[in-house]
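J.: Got a structure for you, questions after.
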Amino acid sequence: MLESKSIESKESKKSYEIIVVENPSVSSQTSEFLESYRGKITYYKNAKNLNLFGNWNRCISLAKGKWVCILHDDDILLPNYLSEMKKAVEKVEENTALISHRAIYFGNLDLINYRQAEDSGIKKQLKKCKSLFLALKSIKSFCINHIIFPILGVKKYKLLDKRSADYIAKYNPLHPSAMLHNKEVFLKLGGYNQSYFPSDDWFCHIRCAENASVYQLDKFLSKYRYSINLSFNKDTMFYGSIVNFLHTRDNLKINKRLKNILFQKQYENVLKIQDENLKNEILKIFADFGFKQMELKILDRFLYRIYRMHDVEIYKVEK
């Protein structure tokens with residue numbers, strides 16, 4: 001069932017429309033729920049089940065505006081979403097298909113193995129002296145951004161930056177919920193493809209980056225709920241692991257040592273899968289691909305942290 005906070009905007013000037021589109025369901029109470037929003041929301045019920053991606057495509061087709069945000073019924077837009085995204089659409093290239101942003105995660109955070117990091121004893125002591133702690137933090141940031149990154153040739157991303165197909169394939173950083181779609185450009189590229197269910201949000205983002213432009217805004221503008229859904233079913237995890245491995249092997253232009261480090265980290269992630277049969281299937285595929293387990297040394301882990309530091313998606317969580 002939809003939550004009102006998922007579809008209400010707190011921004012004063014109304015320059016948007018809200019439509020709700022759903023597949024037929026005998027248990028749905030959406031129409032009854034939306035009675036209190038009569039005149040503010042347009043409701044469509046599909047004559048037949050278009051499945052997940054077919055329904056998303058219809059949402060985009062029915063929208064009147066140039067830019068369309070698909071918001072899942074359990075996710076939430078933050079109050080400044082519209083104003084910040086309006087600024088973004090004025091800055092991107094004309095041939096832009098998608099604009100994403102950062103999301104605050106909530107819900108079942110165990111699904112992403114989130115654990116609150118504990119401060120070391122030294123850090124706890126430093127925090128007691130706030131001015132010293134902030135000064136050291138600034139020095140650390142300066143050294144990373146102006147010394148370490150330039151030496152290693154690490155790219156620094158902008159507030160609003162274009163994401164390559166390679167980047168999206170490597171990290172899958174774009175949340176399908178609350179993403180802006182350029183209606184004309186996106187549908188001309190074919191939209192979402194139900195044949196690649198349940199992973200075509202990721203694959204579609206890659207296609208868009210290959211054939212148009214995809215941007216990500218480094219601001220937190222929505223809340224994304226983690227729950228047991230199709231992102232965590234066996235097929236998604238199985239094929240996702242294989243895609244990650246093959247992409248690292250065949251597409252990433254990095255030295256052999258760093259590739260082996262990435263393979264090892266992927267292997268460690270597979271070991272965390274609780275389903276023993278699924279885990280063993282993936283490990284067998286890795287072995288068939290020629291993966292050999294290695295012990296990561298201190299330098300290897302340091303190189304991995306540096307490699308991931310500039311690229312990996314930064315996120316916040318809300319308990």
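Each chain in the structure tokens gets a letter, A, B, ..., in the order shown, and its residues are numbered from 1; ligands are numbered from 1 in order too.
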As number ranges by chain, please: all residues of segment 118-316 of chain A that backbone DSSP puts in helix (DSSP H, G or I).

T.: A: 121-128, 130-152, 165-171, 183-188, 194-196, 200-211, 230-232, 234-250, 256-271, 276-288, 298-309

J.: Identify which of the residues A:Ser31, A:Asn260, A:Asn95, A:Asn49 lies closest to Leu303 of chain A, counting only C-alpha atoms when measuring atom-to-atom distances.

T.: A:Asn260

J.: Tell me, as a list in words, which residues lie within 10 Å of Leu174 of chain A, counting only C-alpha atoms; anything in the same chain fewer than 2 positions away does not count.

T.: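 My reading of the contact set: Leu98, Ile99, Ser100, His101, Arg102, Ala103, Arg163, Ile168, Tyr171, Asn172, Pro176, Ser177, Ala178, Met179, Asp201, Trp202, His205, Val214, Tyr215, Gln216 and Glu313 of chain A.
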
J.: Leaving out Ile261 of chain A and any residue of its chain fewer than 2 positions from it, which residues lie within 12 Å of it when counting only C-alpha atoms, given as JSON, numbers by chain?

T.: {"A": [245, 248, 249, 254, 255, 256, 257, 258, 259, 263, 264, 265, 266, 267, 268, 291, 292, 293, 294, 295, 296, 297, 298, 299, 300, 301, 302, 303, 304, 305, 307, 308]}

J.: Please produce a file of the residues just selected, as a compact mmCIF listing (two decimals), in the first residue's frame, where the atoms kept are N, CA, C and O atoms.

T.:
# COMPACT_ATOMS: atom_id res chain seq x y z
N PHE A 245 32.24 -10.44 -12.05
CA PHE A 245 33.52 -11.12 -12.28
C PHE A 245 34.00 -10.90 -13.72
O PHE A 245 35.15 -10.52 -13.95
N THR A 248 35.11 -7.31 -14.42
CA THR A 248 36.44 -7.05 -13.86
C THR A 248 37.51 -7.68 -14.73
O THR A 248 38.55 -7.07 -15.03
N ARG A 249 37.27 -8.91 -15.17
CA ARG A 249 38.27 -9.64 -15.96
C ARG A 249 38.48 -9.04 -17.34
O ARG A 249 39.62 -8.89 -17.80
N ILE A 254 43.02 -2.05 -15.50
CA ILE A 254 43.87 -1.91 -14.32
C ILE A 254 44.91 -3.02 -14.35
O ILE A 254 44.78 -3.99 -15.11
N ASN A 255 45.97 -2.88 -13.53
CA ASN A 255 47.03 -3.89 -13.58
C ASN A 255 46.57 -5.22 -12.98
O ASN A 255 45.55 -5.29 -12.28
N LYS A 256 47.34 -6.25 -13.26
CA LYS A 256 46.95 -7.62 -12.88
C LYS A 256 46.82 -7.77 -11.38
O LYS A 256 45.91 -8.46 -10.89
N ARG A 257 47.71 -7.13 -10.62
CA ARG A 257 47.67 -7.27 -9.17
C ARG A 257 46.36 -6.71 -8.61
O ARG A 257 45.71 -7.34 -7.77
N LEU A 258 45.97 -5.54 -9.09
CA LEU A 258 44.74 -4.93 -8.60
C LEU A 258 43.52 -5.74 -9.02
O LEU A 258 42.56 -5.89 -8.26
N LYS A 259 43.57 -6.33 -10.22
CA LYS A 259 42.47 -7.20 -10.64
C LYS A 259 42.34 -8.39 -9.70
O LYS A 259 41.24 -8.78 -9.30
N PHE A 263 39.15 -9.56 -7.52
CA PHE A 263 38.59 -10.91 -7.57
C PHE A 263 38.47 -11.49 -6.16
O PHE A 263 37.47 -12.13 -5.81
N GLN A 264 39.50 -11.28 -5.35
CA GLN A 264 39.50 -11.81 -3.99
C GLN A 264 38.39 -11.18 -3.15
O GLN A 264 37.71 -11.86 -2.38
N LYS A 265 38.18 -9.87 -3.32
CA LYS A 265 37.12 -9.20 -2.57
C LYS A 265 35.75 -9.69 -3.02
O LYS A 265 34.84 -9.84 -2.20
N GLN A 266 35.59 -9.95 -4.33
CA GLN A 266 34.33 -10.52 -4.81
C GLN A 266 34.11 -11.91 -4.22
O GLN A 266 33.00 -12.27 -3.83
N TYR A 267 35.19 -12.67 -4.13
CA TYR A 267 35.13 -14.01 -3.53
C TYR A 267 34.70 -13.91 -2.07
O TYR A 267 33.85 -14.68 -1.60
N GLU A 268 35.24 -12.96 -1.34
CA GLU A 268 34.89 -12.78 0.07
C GLU A 268 33.41 -12.40 0.22
O GLU A 268 32.75 -12.83 1.17
N PHE A 291 39.58 -18.49 -11.32
CA PHE A 291 39.89 -17.76 -10.10
C PHE A 291 40.68 -18.64 -9.13
O PHE A 291 40.37 -19.81 -8.92
N LYS A 292 41.72 -18.04 -8.55
CA LYS A 292 42.52 -18.73 -7.53
C LYS A 292 42.55 -17.87 -6.28
O LYS A 292 42.89 -16.68 -6.34
N GLN A 293 42.19 -18.48 -5.17
CA GLN A 293 42.14 -17.75 -3.91
C GLN A 293 43.53 -17.27 -3.51
O GLN A 293 44.53 -17.96 -3.74
N MET A 294 43.60 -16.09 -2.94
CA MET A 294 44.87 -15.53 -2.48
C MET A 294 44.66 -14.84 -1.14
O MET A 294 43.54 -14.46 -0.79
N GLU A 295 45.72 -14.72 -0.39
CA GLU A 295 45.65 -14.02 0.89
C GLU A 295 46.05 -12.57 0.66
O GLU A 295 47.14 -12.28 0.15
N LEU A 296 45.16 -11.66 1.02
CA LEU A 296 45.44 -10.24 0.83
C LEU A 296 46.38 -9.74 1.92
O LEU A 296 46.10 -9.89 3.11
N LYS A 297 47.48 -9.16 1.50
CA LYS A 297 48.44 -8.60 2.44
C LYS A 297 48.04 -7.17 2.79
O LYS A 297 47.10 -6.61 2.21
N ILE A 298 48.75 -6.58 3.73
CA ILE A 298 48.41 -5.23 4.18
C ILE A 298 48.44 -4.25 3.01
O ILE A 298 47.56 -3.41 2.86
N LEU A 299 49.47 -4.36 2.15
CA LEU A 299 49.57 -3.46 1.01
C LEU A 299 48.39 -3.66 0.05
O LEU A 299 47.87 -2.69 -0.51
N ASP A 300 47.98 -4.92 -0.14
CA ASP A 300 46.84 -5.20 -1.02
C ASP A 300 45.57 -4.52 -0.51
O ASP A 300 44.82 -3.92 -1.28
N ARG A 301 45.34 -4.62 0.78
CA ARG A 301 44.14 -4.02 1.36
C ARG A 301 44.20 -2.49 1.28
O ARG A 301 43.18 -1.82 1.09
N PHE A 302 45.42 -1.95 1.42
CA PHE A 302 45.59 -0.50 1.29
C PHE A 302 45.28 -0.06 -0.14
O PHE A 302 44.57 0.93 -0.35
N LEU A 303 45.80 -0.81 -1.13
CA LEU A 303 45.54 -0.48 -2.53
C LEU A 303 44.04 -0.57 -2.85
O LEU A 303 43.50 0.25 -3.59
N TYR A 304 43.39 -1.56 -2.26
CA TYR A 304 41.95 -1.72 -2.49
C TYR A 304 41.19 -0.53 -1.92
O TYR A 304 40.27 0.00 -2.56
N ARG A 305 41.56 -0.09 -0.73
CA ARG A 305 40.88 1.05 -0.12
C ARG A 305 41.07 2.31 -0.95
O ARG A 305 40.14 3.09 -1.14
N TYR A 307 41.70 2.40 -4.17
CA TYR A 307 40.96 2.21 -5.43
C TYR A 307 39.48 2.49 -5.25
O TYR A 307 38.84 3.13 -6.08
N ARG A 308 38.92 2.01 -4.14
CA ARG A 308 37.49 2.17 -3.90
C ARG A 308 37.14 3.56 -3.35
O ARG A 308 36.00 4.00 -3.48

J.: For the atom pair atom CA of Lys64 of chain A and atom CA of Glu94 of chain A, what is the interatomic distance in Å to one decimal place?

T.: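 These two atoms are separated by 18.3 Å.
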
J.: Can you pull out every residue within 12 Å of Glu90 of chain A, counting only C-alpha atoms, but drop anything in the same chain fewer than 4 positions away, and send it as a PyMOL selection string?

T.: chain A and resi 67+83-86+94+96+99+160

J.: Determine, counting only C-alpha atoms, which protein, DNA and RNA residues have an atom within 12 Å of an atom of Phe238 of chain A; residues of the same chain fewer than 6 positions away are not included. Present the result as an MDAnalysis selection string.

T.: chainID A and resid 198:199 231:232 244:245 270 273 275 277:286

J.: Give the strand (DSSP E) residues of segment 185-246 of chain A, as assigned by DSSP on the backbone, as a PyMOL selection string.

T.: chain A and resi 213-226

J.: So that I have them on file, write out the residues from the current selection with C-alpha atoms, as a PDB file, in the first residue's frame.

T.:
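Result saved to result-v3.pdb:
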ATOM      1  CA  SER A 213      24.301  10.528 -21.087  1.00  0.00           C
ATOM      2  CA  VAL A 214      23.696   9.516 -17.480  1.00  0.00           C
ATOM      3  CA  TYR A 215      24.414  11.832 -14.551  1.00  0.00           C
ATOM      4  CA  GLN A 216      24.555  11.431 -10.793  1.00  0.00           C
ATOM      5  CA  LEU A 217      24.060  14.303  -8.377  1.00  0.00           C
ATOM      6  CA  ASP A 218      26.142  14.012  -5.218  1.00  0.00           C
ATOM      7  CA  LYS A 219      23.320  15.048  -2.898  1.00  0.00           C
ATOM      8  CA  PHE A 220      21.021  12.998  -0.688  1.00  0.00           C
ATOM      9  CA  LEU A 221      17.517  13.586  -2.021  1.00  0.00           C
ATOM     10  CA  SER A 222      15.543  10.440  -1.195  1.00  0.00           C
ATOM     11  CA  LYS A 223      15.230   7.545   1.225  1.00  0.00           C
ATOM     12  CA  TYR A 224      15.567   4.024  -0.128  1.00  0.00           C
ATOM     13  CA  ARG A 225      14.125   1.118   1.852  1.00  0.00           C
ATOM     14  CA  TYR A 226      15.993  -2.174   1.859  1.00  0.00           C
TER      15      TYR A 226
END

J.: Compare A:Ala209, A:Cys69, A:Cys59, A:Val21 by their minimum atom-to-atom distance to Tyr44 of chain A, counting only C-alpha atoms, and give me the closest one.

T.: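 Counting only C-alpha atoms, the residue closest to Tyr44 of chain A is A:Val21.
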
J.: Using Å and a single decimal, report how far atom CA of Ala212 of chain A sits from atom CA of Lys162 of chain A.

T.: 10.5 Å
